[in-house]
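J.: Here you go, this is work-v6.pdb (PDB, C-alpha atoms, pLDDT in the B column).
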MODEL        1
ATOM      1  CA  MET P   1      78.503  18.345  41.163  1.00 59.00           C
ATOM      2  CA  ARG P   2      81.384  18.766  38.710  1.00 75.00           C
ATOM      3  CA  MET P   3      81.386  15.037  37.998  1.00 83.00           C
ATOM      4  CA  ALA P   4      77.612  15.052  37.435  1.00 82.00           C
ATOM      5  CA  ALA P   5      78.033  17.976  35.022  1.00 83.00           C
ATOM      6  CA  ILE P   6      80.613  16.074  32.946  1.00 86.00           C
ATOM      7  CA  VAL P   7      78.467  12.919  32.865  1.00 90.00           C
ATOM      8  CA  PHE P   8      75.366  14.825  31.771  1.00 90.00           C
ATOM      9  CA  ILE P   9      77.242  16.854  29.148  1.00 91.00           C
ATOM     10  CA  LEU P  10      78.737  13.619  27.723  1.00 93.00           C
ATOM     11  CA  LEU P  11      75.306  11.953  27.747  1.00 94.00           C
ATOM     12  CA  TRP P  12      73.919  14.958  25.901  1.00 94.00           C
ATOM     13  CA  LEU P  13      76.731  14.768  23.321  1.00 94.00           C
ATOM     14  CA  VAL P  14      76.301  11.002  22.719  1.00 95.00           C
ATOM     15  CA  THR P  15      72.512  11.208  22.345  1.00 97.00           C
ATOM     16  CA  PHE P  16      72.704  14.279  20.108  1.00 95.00           C
ATOM     17  CA  VAL P  17      75.278  12.741  17.759  1.00 96.00           C
ATOM     18  CA  ALA P  18      73.444   9.377  17.663  1.00 97.00           C
ATOM     19  CA  GLY P  19      70.169  11.180  16.886  1.00 97.00           C
ATOM     20  CA  GLN P  20      71.653  13.061  13.914  1.00 96.00           C
ATOM     21  CA  LEU P  21      73.184   9.871  12.501  1.00 97.00           C
ATOM     22  CA  LEU P  22      69.878   7.996  12.891  1.00 97.00           C
ATOM     23  CA  PHE P  23      67.995  10.843  11.155  1.00 97.00           C
ATOM     24  CA  LYS P  24      70.347  10.800   8.183  1.00 96.00           C
ATOM     25  CA  ARG P  25      70.244   6.993   7.982  1.00 96.00           C
ATOM     26  CA  ALA P  26      66.435   7.054   8.087  1.00 96.00           C
ATOM     27  CA  MET P  27      66.303   9.534   5.196  1.00 95.00           C
ATOM     28  CA  ASP P  28      68.812   7.487   3.167  1.00 94.00           C
ATOM     29  CA  VAL P  29      66.689   4.373   3.733  1.00 95.00           C
ATOM     30  CA  SER P  30      63.533   6.320   2.817  1.00 94.00           C
ATOM     31  CA  SER P  31      65.105   7.246  -0.533  1.00 90.00           C
ATOM     32  CA  ALA P  32      65.668   3.564  -1.263  1.00 90.00           C
ATOM     33  CA  MET P  33      62.648   1.911   0.334  1.00 90.00           C
ATOM     34  CA  GLY P  34      60.067   4.690   0.720  1.00 89.00           C
ATOM     35  CA  PHE P  35      59.215   6.872   3.704  1.00 88.00           C
ATOM     36  CA  ARG P  36      56.420   4.591   4.933  1.00 89.00           C
ATOM     37  CA  SER P  37      58.539   1.444   4.924  1.00 92.00           C
ATOM     38  CA  ARG P  38      58.856  -0.244   8.302  1.00 93.00           C
ATOM     39  CA  ARG P  39      62.643   0.142   8.215  1.00 94.00           C
ATOM     40  CA  THR P  40      62.519   3.905   7.618  1.00 94.00           C
ATOM     41  CA  LEU P  41      59.943   4.441  10.350  1.00 95.00           C
ATOM     42  CA  SER P  42      61.770   2.313  12.937  1.00 96.00           C
ATOM     43  CA  ILE P  43      65.104   4.099  12.377  1.00 97.00           C
ATOM     44  CA  LEU P  44      63.320   7.471  12.426  1.00 96.00           C
ATOM     45  CA  GLY P  45      61.469   6.455  15.616  1.00 97.00           C
ATOM     46  CA  ALA P  46      64.768   5.501  17.275  1.00 97.00           C
ATOM     47  CA  GLY P  47      66.233   8.859  16.192  1.00 97.00           C
ATOM     48  CA  ILE P  48      63.286  10.801  17.619  1.00 96.00           C
ATOM     49  CA  ALA P  49      63.485   8.829  20.914  1.00 97.00           C
ATOM     50  CA  VAL P  50      67.207   9.513  21.294  1.00 97.00           C
ATOM     51  CA  MET P  51      66.754  13.180  20.326  1.00 94.00           C
ATOM     52  CA  THR P  52      63.979  13.577  22.917  1.00 92.00           C
ATOM     53  CA  ILE P  53      66.340  12.334  25.644  1.00 94.00           C
ATOM     54  CA  SER P  54      69.008  14.693  24.309  1.00 93.00           C
ATOM     55  CA  PHE P  55      66.518  17.589  24.354  1.00 86.00           C
ATOM     56  CA  CYS P  56      65.572  16.970  28.007  1.00 87.00           C
ATOM     57  CA  LEU P  57      69.242  16.723  29.019  1.00 90.00           C
ATOM     58  CA  ASN P  58      69.865  20.008  27.198  1.00 85.00           C
ATOM     59  CA  LEU P  59      67.058  21.694  29.161  1.00 79.00           C
ATOM     60  CA  GLY P  60      68.518  20.417  32.441  1.00 84.00           C
ATOM     61  CA  LEU P  61      71.972  21.696  31.462  1.00 87.00           C
ATOM     62  CA  LEU P  62      70.622  25.100  30.346  1.00 77.00           C
ATOM     63  CA  GLN P  63      69.065  25.580  33.789  1.00 77.00           C
ATOM     64  CA  ARG P  64      72.449  25.125  35.433  1.00 83.00           C
ATOM     65  CA  PHE P  65      74.910  26.730  33.085  1.00 81.00           C
ATOM     66  CA  ASP P  66      75.125  29.713  30.761  1.00 76.00           C
ATOM     67  CA  LEU P  67      74.729  28.938  27.106  1.00 70.00           C
ATOM     68  CA  SER P  68      78.286  30.246  26.686  1.00 70.00           C
ATOM     69  CA  TYR P  69      79.607  27.498  28.994  1.00 77.00           C
ATOM     70  CA  LEU P  70      77.753  24.780  27.087  1.00 80.00           C
ATOM     71  CA  TYR P  71      78.646  26.060  23.621  1.00 77.00           C
ATOM     72  CA  PRO P  72      82.147  24.545  23.387  1.00 79.00           C
ATOM     73  CA  PHE P  73      80.588  21.119  23.908  1.00 84.00           C
ATOM     74  CA  GLN P  74      77.956  21.827  21.292  1.00 82.00           C
ATOM     75  CA  GLY P  75      80.809  22.964  19.064  1.00 84.00           C
ATOM     76  CA  SER P  76      82.675  19.675  19.524  1.00 88.00           C
ATOM     77  CA  SER P  77      79.623  17.803  18.211  1.00 92.00           C
ATOM     78  CA  ILE P  78      80.319  19.299  14.746  1.00 93.00           C
ATOM     79  CA  ILE P  79      83.582  17.450  14.126  1.00 93.00           C
ATOM     80  CA  VAL P  80      82.274  14.269  15.824  1.00 94.00           C
ATOM     81  CA  ILE P  81      79.196  14.162  13.578  1.00 96.00           C
ATOM     82  CA  THR P  82      81.218  14.794  10.417  1.00 95.00           C
ATOM     83  CA  LEU P  83      83.732  12.029  11.236  1.00 94.00           C
ATOM     84  CA  LEU P  84      81.037   9.515  12.209  1.00 95.00           C
ATOM     85  CA  ALA P  85      79.007  10.344   9.086  1.00 96.00           C
ATOM     86  CA  ALA P  86      82.048   9.259   7.084  1.00 95.00           C
ATOM     87  CA  LEU P  87      82.767   6.176   9.214  1.00 95.00           C
ATOM     88  CA  ILE P  88      79.250   4.859   9.732  1.00 95.00           C
ATOM     89  CA  LEU P  89      77.221   6.329   6.862  1.00 95.00           C
ATOM     90  CA  LYS P  90      80.109   6.089   4.351  1.00 94.00           C
ATOM     91  CA  GLU P  91      79.812   9.730   3.322  1.00 94.00           C
ATOM     92  CA  ARG P  92      82.747  10.999   1.292  1.00 91.00           C
ATOM     93  CA  LEU P  93      85.134  13.149   3.341  1.00 91.00           C
ATOM     94  CA  THR P  94      87.503  15.433   1.496  1.00 91.00           C
ATOM     95  CA  PRO P  95      90.506  17.168   3.152  1.00 92.00           C
ATOM     96  CA  ARG P  96      88.717  20.418   2.343  1.00 92.00           C
ATOM     97  CA  LEU P  97      85.621  19.355   4.265  1.00 93.00           C
ATOM     98  CA  ILE P  98      87.701  18.255   7.277  1.00 94.00           C
ATOM     99  CA  ILE P  99      89.655  21.548   7.373  1.00 95.00           C
ATOM    100  CA  GLY P 100      86.457  23.592   7.054  1.00 95.00           C
ATOM    101  CA  THR P 101      84.755  21.592   9.800  1.00 95.00           C
ATOM    102  CA  LEU P 102      87.778  21.953  12.112  1.00 95.00           C
ATOM    103  CA  LEU P 103      87.800  25.746  11.547  1.00 95.00           C
ATOM    104  CA  ILE P 104      84.068  25.983  12.331  1.00 94.00           C
ATOM    105  CA  THR P 105      84.566  23.889  15.485  1.00 93.00           C
ATOM    106  CA  ALA P 106      87.549  26.005  16.622  1.00 93.00           C
ATOM    107  CA  GLY P 107      85.636  29.213  15.857  1.00 92.00           C
ATOM    108  CA  VAL P 108      82.578  28.115  17.855  1.00 88.00           C
ATOM    109  CA  VAL P 109      84.772  27.236  20.846  1.00 87.00           C
ATOM    110  CA  LEU P 110      86.602  30.593  20.592  1.00 88.00           C
ATOM    111  CA  VAL P 111      83.330  32.553  20.351  1.00 82.00           C
ATOM    112  CA  SER P 112      82.025  30.904  23.511  1.00 77.00           C
ATOM    113  CA  MET P 113      85.288  31.304  25.454  1.00 77.00           C
ATOM    114  CA  SER P 114      85.700  35.026  24.955  1.00 65.00           C
TER     115      SER P 114
ATOM    116  CA  MET F   1      72.328   8.251  -2.542  1.00 43.00           C
ATOM    117  CA  MET F   2      71.368  11.556  -4.126  1.00 49.00           C
ATOM    118  CA  ASN F   3      67.935  12.532  -5.310  1.00 51.00           C
ATOM    119  CA  HIS F   4      67.058  14.979  -8.007  1.00 64.00           C
ATOM    120  CA  ARG F   5      67.021  18.413  -6.427  1.00 71.00           C
ATOM    121  CA  PRO F   6      63.584  20.082  -6.383  1.00 81.00           C
ATOM    122  CA  SER F   7      63.364  23.811  -7.145  1.00 81.00           C
ATOM    123  CA  GLY F   8      61.486  26.791  -5.659  1.00 83.00           C
ATOM    124  CA  PHE F   9      60.007  26.382  -2.188  1.00 86.00           C
ATOM    125  CA  ALA F  10      60.990  22.704  -2.147  1.00 87.00           C
ATOM    126  CA  ASN F  11      64.646  23.546  -2.825  1.00 91.00           C
ATOM    127  CA  PRO F  12      66.670  22.006   0.044  1.00 90.00           C
ATOM    128  CA  TRP F  13      68.903  25.100   0.325  1.00 90.00           C
ATOM    129  CA  PHE F  14      65.853  27.352   0.701  1.00 93.00           C
ATOM    130  CA  GLN F  15      64.583  24.978   3.394  1.00 94.00           C
ATOM    131  CA  PHE F  16      68.050  25.151   4.933  1.00 94.00           C
ATOM    132  CA  VAL F  17      67.647  28.925   5.431  1.00 94.00           C
ATOM    133  CA  LEU F  18      64.209  28.375   7.036  1.00 95.00           C
ATOM    134  CA  ASN F  19      65.758  25.744   9.294  1.00 95.00           C
ATOM    135  CA  ILE F  20      68.488  28.154  10.462  1.00 94.00           C
ATOM    136  CA  ILE F  21      65.920  30.867  11.305  1.00 92.00           C
ATOM    137  CA  GLY F  22      63.975  28.232  13.272  1.00 93.00           C
ATOM    138  CA  VAL F  23      67.083  27.223  15.250  1.00 89.00           C
ATOM    139  CA  VAL F  24      67.849  30.813  16.285  1.00 85.00           C
ATOM    140  CA  VAL F  25      64.215  31.319  17.375  1.00 87.00           C
ATOM    141  CA  TYR F  26      63.968  28.110  19.412  1.00 86.00           C
ATOM    142  CA  GLU F  27      67.386  28.512  21.072  1.00 79.00           C
ATOM    143  CA  LEU F  28      66.284  31.898  22.445  1.00 79.00           C
ATOM    144  CA  LEU F  29      62.846  30.551  23.471  1.00 84.00           C
ATOM    145  CA  LEU F  30      64.421  27.547  25.221  1.00 79.00           C
ATOM    146  CA  LYS F  31      66.885  29.649  27.163  1.00 75.00           C
ATOM    147  CA  ALA F  32      64.071  32.012  28.208  1.00 80.00           C
ATOM    148  CA  GLY F  33      61.795  29.117  29.202  1.00 82.00           C
ATOM    149  CA  ALA F  34      64.532  27.273  31.097  1.00 77.00           C
ATOM    150  CA  ALA F  35      65.682  30.426  32.903  1.00 77.00           C
ATOM    151  CA  ALA F  36      62.128  31.352  33.923  1.00 80.00           C
ATOM    152  CA  THR F  37      61.612  28.007  35.667  1.00 78.00           C
ATOM    153  CA  ALA F  38      65.138  27.229  36.908  1.00 73.00           C
ATOM    154  CA  ASP F  39      65.145  25.463  40.271  1.00 71.00           C
ATOM    155  CA  PRO F  40      68.360  23.411  40.604  1.00 67.00           C
ATOM    156  CA  THR F  41      67.357  22.213  44.091  1.00 70.00           C
ATOM    157  CA  LYS F  42      64.692  19.867  42.667  1.00 67.00           C
ATOM    158  CA  ALA F  43      65.896  16.275  42.378  1.00 62.00           C
ATOM    159  CA  TRP F  44      64.589  15.681  38.853  1.00 62.00           C
ATOM    160  CA  SER F  45      65.716  19.013  37.470  1.00 64.00           C
ATOM    161  CA  TRP F  46      68.775  17.480  35.753  1.00 64.00           C
ATOM    162  CA  ILE F  47      66.497  16.124  33.062  1.00 63.00           C
ATOM    163  CA  GLY F  48      64.900  19.539  32.674  1.00 66.00           C
ATOM    164  CA  VAL F  49      61.244  18.516  33.027  1.00 71.00           C
ATOM    165  CA  ASN F  50      60.365  21.487  35.229  1.00 74.00           C
ATOM    166  CA  ALA F  51      61.122  23.791  32.274  1.00 77.00           C
ATOM    167  CA  LEU F  52      57.858  22.426  30.816  1.00 80.00           C
ATOM    168  CA  ALA F  53      56.026  24.685  33.283  1.00 82.00           C
ATOM    169  CA  SER F  54      56.876  27.649  31.042  1.00 86.00           C
ATOM    170  CA  PRO F  55      54.718  28.329  27.939  1.00 90.00           C
ATOM    171  CA  LEU F  56      57.906  29.589  26.249  1.00 90.00           C
ATOM    172  CA  THR F  57      59.306  26.046  26.450  1.00 88.00           C
ATOM    173  CA  TRP F  58      56.167  24.667  24.753  1.00 92.00           C
ATOM    174  CA  LEU F  59      56.380  27.305  22.031  1.00 94.00           C
ATOM    175  CA  ALA F  60      60.010  26.271  21.561  1.00 91.00           C
ATOM    176  CA  ILE F  61      58.905  22.615  21.247  1.00 90.00           C
ATOM    177  CA  VAL F  62      56.446  23.528  18.461  1.00 95.00           C
ATOM    178  CA  VAL F  63      59.229  25.357  16.573  1.00 95.00           C
ATOM    179  CA  ILE F  64      61.578  22.393  17.168  1.00 91.00           C
ATOM    180  CA  ILE F  65      59.071  19.898  15.699  1.00 93.00           C
ATOM    181  CA  VAL F  66      58.533  22.026  12.578  1.00 96.00           C
ATOM    182  CA  ASP F  67      62.294  22.487  12.316  1.00 95.00           C
ATOM    183  CA  LEU F  68      62.849  18.718  12.652  1.00 94.00           C
ATOM    184  CA  VAL F  69      60.568  18.020   9.680  1.00 95.00           C
ATOM    185  CA  ILE F  70      62.486  20.626   7.642  1.00 96.00           C
ATOM    186  CA  TRP F  71      65.811  19.124   8.782  1.00 96.00           C
ATOM    187  CA  LEU F  72      64.767  15.590   7.752  1.00 95.00           C
ATOM    188  CA  TYR F  73      63.791  16.969   4.352  1.00 95.00           C
ATOM    189  CA  ILE F  74      67.225  18.617   4.012  1.00 95.00           C
ATOM    190  CA  LEU F  75      68.972  15.353   4.982  1.00 95.00           C
ATOM    191  CA  LYS F  76      67.156  13.597   2.160  1.00 93.00           C
ATOM    192  CA  TYR F  77      69.192  15.665  -0.302  1.00 92.00           C
ATOM    193  CA  ILE F  78      72.364  16.814   1.447  1.00 92.00           C
ATOM    194  CA  PRO F  79      75.035  14.631   3.171  1.00 94.00           C
ATOM    195  CA  LEU F  80      75.118  15.016   6.969  1.00 95.00           C
ATOM    196  CA  SER F  81      78.857  15.794   6.853  1.00 94.00           C
ATOM    197  CA  ILE F  82      78.061  18.926   4.812  1.00 93.00           C
ATOM    198  CA  ALA F  83      74.636  19.926   6.163  1.00 95.00           C
ATOM    199  CA  PHE F  84      75.566  19.742   9.845  1.00 94.00           C
ATOM    200  CA  PRO F  85      78.748  21.889   9.774  1.00 94.00           C
ATOM    201  CA  LEU F  86      76.912  24.465   7.610  1.00 94.00           C
ATOM    202  CA  SER F  87      73.998  24.519  10.074  1.00 93.00           C
ATOM    203  CA  ARG F  88      76.409  25.922  12.686  1.00 90.00           C
ATOM    204  CA  ILE F  89      76.160  29.299  10.943  1.00 91.00           C
ATOM    205  CA  VAL F  90      73.768  29.987  13.844  1.00 87.00           C
ATOM    206  CA  ASP F  91      76.816  30.277  16.109  1.00 83.00           C
ATOM    207  CA  VAL F  92      77.794  33.342  14.097  1.00 87.00           C
ATOM    208  CA  LEU F  93      74.291  34.726  13.584  1.00 85.00           C
ATOM    209  CA  VAL F  94      73.381  34.773  17.281  1.00 78.00           C
ATOM    210  CA  PRO F  95      76.334  36.899  18.536  1.00 79.00           C
ATOM    211  CA  ILE F  96      76.173  39.189  15.478  1.00 82.00           C
ATOM    212  CA  SER F  97      72.443  39.783  15.965  1.00 74.00           C
ATOM    213  CA  CYS F  98      73.099  40.484  19.671  1.00 72.00           C
ATOM    214  CA  TRP F  99      75.690  43.030  18.552  1.00 80.00           C
ATOM    215  CA  LEU F 100      73.411  44.634  15.948  1.00 81.00           C
ATOM    216  CA  VAL F 101      70.063  44.515  17.771  1.00 72.00           C
ATOM    217  CA  LEU F 102      70.941  44.506  21.458  1.00 71.00           C
ATOM    218  CA  ARG F 103      74.070  46.679  21.100  1.00 76.00           C
ATOM    219  CA  GLU F 104      76.083  44.111  23.037  1.00 78.00           C
ATOM    220  CA  THR F 105      79.824  44.476  22.679  1.00 85.00           C
ATOM    221  CA  ILE F 106      81.885  41.706  21.096  1.00 86.00           C
ATOM    222  CA  SER F 107      85.478  41.233  22.293  1.00 89.00           C
ATOM    223  CA  PRO F 108      88.335  41.004  19.739  1.00 91.00           C
ATOM    224  CA  LEU F 109      88.803  37.314  20.639  1.00 90.00           C
ATOM    225  CA  ARG F 110      85.121  36.651  19.901  1.00 89.00           C
ATOM    226  CA  TRP F 111      85.400  38.467  16.549  1.00 93.00           C
ATOM    227  CA  GLY F 112      88.349  36.141  15.867  1.00 94.00           C
ATOM    228  CA  GLY F 113      86.150  33.126  16.596  1.00 92.00           C
ATOM    229  CA  ILE F 114      83.393  34.504  14.364  1.00 92.00           C
ATOM    230  CA  ALA F 115      85.956  35.002  11.572  1.00 95.00           C
ATOM    231  CA  LEU F 116      87.187  31.389  11.961  1.00 95.00           C
ATOM    232  CA  VAL F 117      83.623  30.063  11.709  1.00 93.00           C
ATOM    233  CA  ILE F 118      82.945  32.156   8.585  1.00 94.00           C
ATOM    234  CA  ILE F 119      86.179  30.955   6.901  1.00 95.00           C
ATOM    235  CA  GLY F 120      85.260  27.359   7.831  1.00 95.00           C
ATOM    236  CA  LEU F 121      81.742  27.802   6.423  1.00 94.00           C
ATOM    237  CA  VAL F 122      83.105  29.145   3.125  1.00 93.00           C
ATOM    238  CA  ILE F 123      85.484  26.164   2.890  1.00 93.00           C
ATOM    239  CA  VAL F 124      82.678  23.667   3.618  1.00 92.00           C
ATOM    240  CA  ALA F 125      80.333  25.464   1.209  1.00 88.00           C
ATOM    241  CA  ARG F 126      82.648  24.576  -1.702  1.00 82.00           C
ATOM    242  CA  PRO F 127      82.032  20.796  -1.449  1.00 76.00           C
ATOM    243  CA  ALA F 128      78.345  21.709  -1.152  1.00 78.00           C
ATOM    244  CA  ALA F 129      78.534  23.680  -4.402  1.00 77.00           C
ATOM    245  CA  GLU F 130      80.306  20.778  -6.126  1.00 76.00           C
ATOM    246  CA  LEU F 131      77.511  18.539  -4.892  1.00 74.00           C
ATOM    247  CA  GLU F 132      75.019  20.827  -6.640  1.00 71.00           C
ATOM    248  CA  GLU F 133      76.937  20.575  -9.917  1.00 69.00           C
ATOM    249  CA  ARG F 134      76.749  16.786  -9.846  1.00 64.00           C
ATOM    250  CA  LEU F 135      72.985  16.853  -9.452  1.00 55.00           C
TER     251      LEU F 135
ENDMDL
END
So that I can check it, write out the structure of this file as C-alpha cells.
T.:
Amino acid sequence: MRMAAIVFILLWLVTFVAGQLLFKRAMDVSSAMGFRSRRTLSILGAGIAVMTISFCLNLGLLQRFDLSYLYPFQGSSIIVITLLAALILKERLTPRLIIGTLLITAGVVLVSMS
Amino acid sequence: MMNHRPSGFANPWFQFVLNIIGVVVYELLLKAGAAATADPTKAWSWIGVNALASPLTWLAIVVIIVDLVIWLYILKYIPLSIAFPLSRIVDVLVPISCWLVLRETISPLRWGGIALVIIGLVIVARPAAELEERL
C-alpha cells in the first residue's frame, strides 16, 4: 500500500510537471507559428493528454489521503517546474527567482505539515 | 518570446487573478466530489474514475477547463518560471479563508509557513515587475 502510494504520487508529479512544460511550449510555439499551426496543436494536445492522466491520478490520491498529506508533494512541483522551465524551455533564472521559489516551496510544505 | 501586453480585461495579470479564484473553487469542489464517492476497495479507484459519479466532480471539471484556457492565455505572456510559483498563492489563500470564513484555527507553525510563502511571492513578484517594464 505504501509502495503503491509513492508510485502514484511520483506518477502524478511527473505527469503534472510534463503537462505544464508542454502547455508553455505550446504557447511559445503559437506566438511564433500561430495557434492553429499543426505544431502548436500537437504539443497542446500532448499537454492536455498528460494533464488528463495527472488529473485522474490526483482524484485517486484525494480519495485516499487528506489534501494536507498530498500538499507537500504538490509543493515540490513548484521548484521542479521552475528548474525545468530554465533547463528545457531556456527561461532566464535569476538568483532572486530561485530564492523566492524555494521560499514558496518551503512555506507550502510547512503549511501542510502543521 | 514576449508579446505586447494587452490591457483591460485581456491583461494577463487580471486573467491571473481570475485563474487563482478558479483554482480555489475547483480544489474545494474536487475534494468534495472525491470525498462523496470515496470507495478505496474498488480495484480501479486508484485512477479516481468513480469520483465521476458525483455532480460536484463534473462541476469541478467545467471550472478546470475554463481555468485551463485562462492559464494558456497567461502562459502566452508570462514565463512559466514566474507564473507557476506565483500561482501557488492559492496555498496561502485557502488556509487564510478557512481561518476567516470557517473560523478554523491556524497553528503558529502554519502561520510561519504562510509567512514564508508570502515572502517568497514578494521576491518572485519583483522579476515579474521587471518583466512588465521591459514590455
J.: Hey, list the chain F side of the contact with chain P: 6 Å cut-off, all atoms listed in the file, answer as a ChimeraX atom specification.
T.: /F:34-35,38,45-48,75-76,81,85,109-110,113-114,116-117,120,123-124
J.: Residues of the last selection are to be written out with C-alpha atoms, as an mmCIF file, keeping the file's coordinate frame.
T.:
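out03.cif was written with the following content:
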data_model
loop_
_atom_site.group_PDB
_atom_site.id
_atom_site.type_symbol
_atom_site.label_atom_id
_atom_site.label_comp_id
_atom_site.auth_asym_id
_atom_site.auth_seq_id
_atom_site.Cartn_x
_atom_site.Cartn_y
_atom_site.Cartn_z
ATOM 1 C CA ALA F 34 64.532 27.273 31.097
ATOM 2 C CA ALA F 35 65.682 30.426 32.903
ATOM 3 C CA ALA F 38 65.138 27.229 36.908
ATOM 4 C CA SER F 45 65.716 19.013 37.470
ATOM 5 C CA TRP F 46 68.775 17.480 35.753
ATOM 6 C CA ILE F 47 66.497 16.124 33.062
ATOM 7 C CA GLY F 48 64.900 19.539 32.674
ATOM 8 C CA LEU F 75 68.972 15.353 4.982
ATOM 9 C CA LYS F 76 67.156 13.597 2.160
ATOM 10 C CA SER F 81 78.857 15.794 6.853
ATOM 11 C CA PRO F 85 78.748 21.889 9.774
ATOM 12 C CA LEU F 109 88.803 37.314 20.639
ATOM 13 C CA ARG F 110 85.121 36.651 19.901
ATOM 14 C CA GLY F 113 86.150 33.126 16.596
ATOM 15 C CA ILE F 114 83.393 34.504 14.364
ATOM 16 C CA LEU F 116 87.187 31.389 11.961
ATOM 17 C CA VAL F 117 83.623 30.063 11.709
ATOM 18 C CA GLY F 120 85.260 27.359 7.831
ATOM 19 C CA ILE F 123 85.484 26.164 2.890
ATOM 20 C CA VAL F 124 82.678 23.667 3.618
#
J.: Rounded to one decimal, what separation in Å do you get between atom CA of Trp111 of chain F and atom CA of Val17 of chain P?
T.: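 Pair atom CA of Trp111 of chain F / atom CA of Val17 of chain P returns 27.7 Å.
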J.: Could you work out an axis-aligned bounding box for all listed atoms of segment 36-42 of chain P, with 6 Å added on each of the six sides, and give its centre and edge lengths in Å to one decimal, as lines of an AutoDock Vina configuration file?
T.:
center_x = 59.5
center_y = 2.2
center_z = 8.9
size_x = 18.2
size_y = 16.8
size_z = 20.0
J.: Ranking P:Leu10, P:Pro72, P:Met51, P:Arg36 by minimum distance to Leu22 of chain P and counting all atoms listed in the file, which one comes first?
T.: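 So, comparing all the options, the nearest one is P:Met51.
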J.: Any idea what the distance is between atom CA of Val63 of chain F and atom CA of Ser97 of chain F?
T.: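 It comes out at 19.6 Å.
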J.: For Pro55 of chain F, please output as number ranges by chain all residues within 12 Å (counting all atoms listed in the file; exclusion window: fewer than 6 positions along the same chain).
T.: F: 29-30, 32-34, 36-37, 61-62
J.: Between atom CA of Met33 of chain P and atom CA of Ile82 of chain F, what distance in Å does the model show, to one decimal?
T.: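 Those two atoms sit 23.4 Å apart.
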J.: Could you tell me which of F:Pro95, F:Ile89, F:Ile64, F:Thr41 comes closest to Ser107 of chain F if we count only C-alpha atoms?
T.: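 Going through F:Pro95, F:Ile89, F:Ile64, F:Thr41 one by one, the smallest distance to Ser107 of chain F is for F:Pro95.
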J.: Which residue gives the smallest distance to Gln15 of chain F among F:Ala128, F:Ala115, F:Leu72, F:Leu80, with all atoms listed in the file counted?
T.: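 Checking each candidate against Gln15 of chain F, we get F:Leu72 as the closest.
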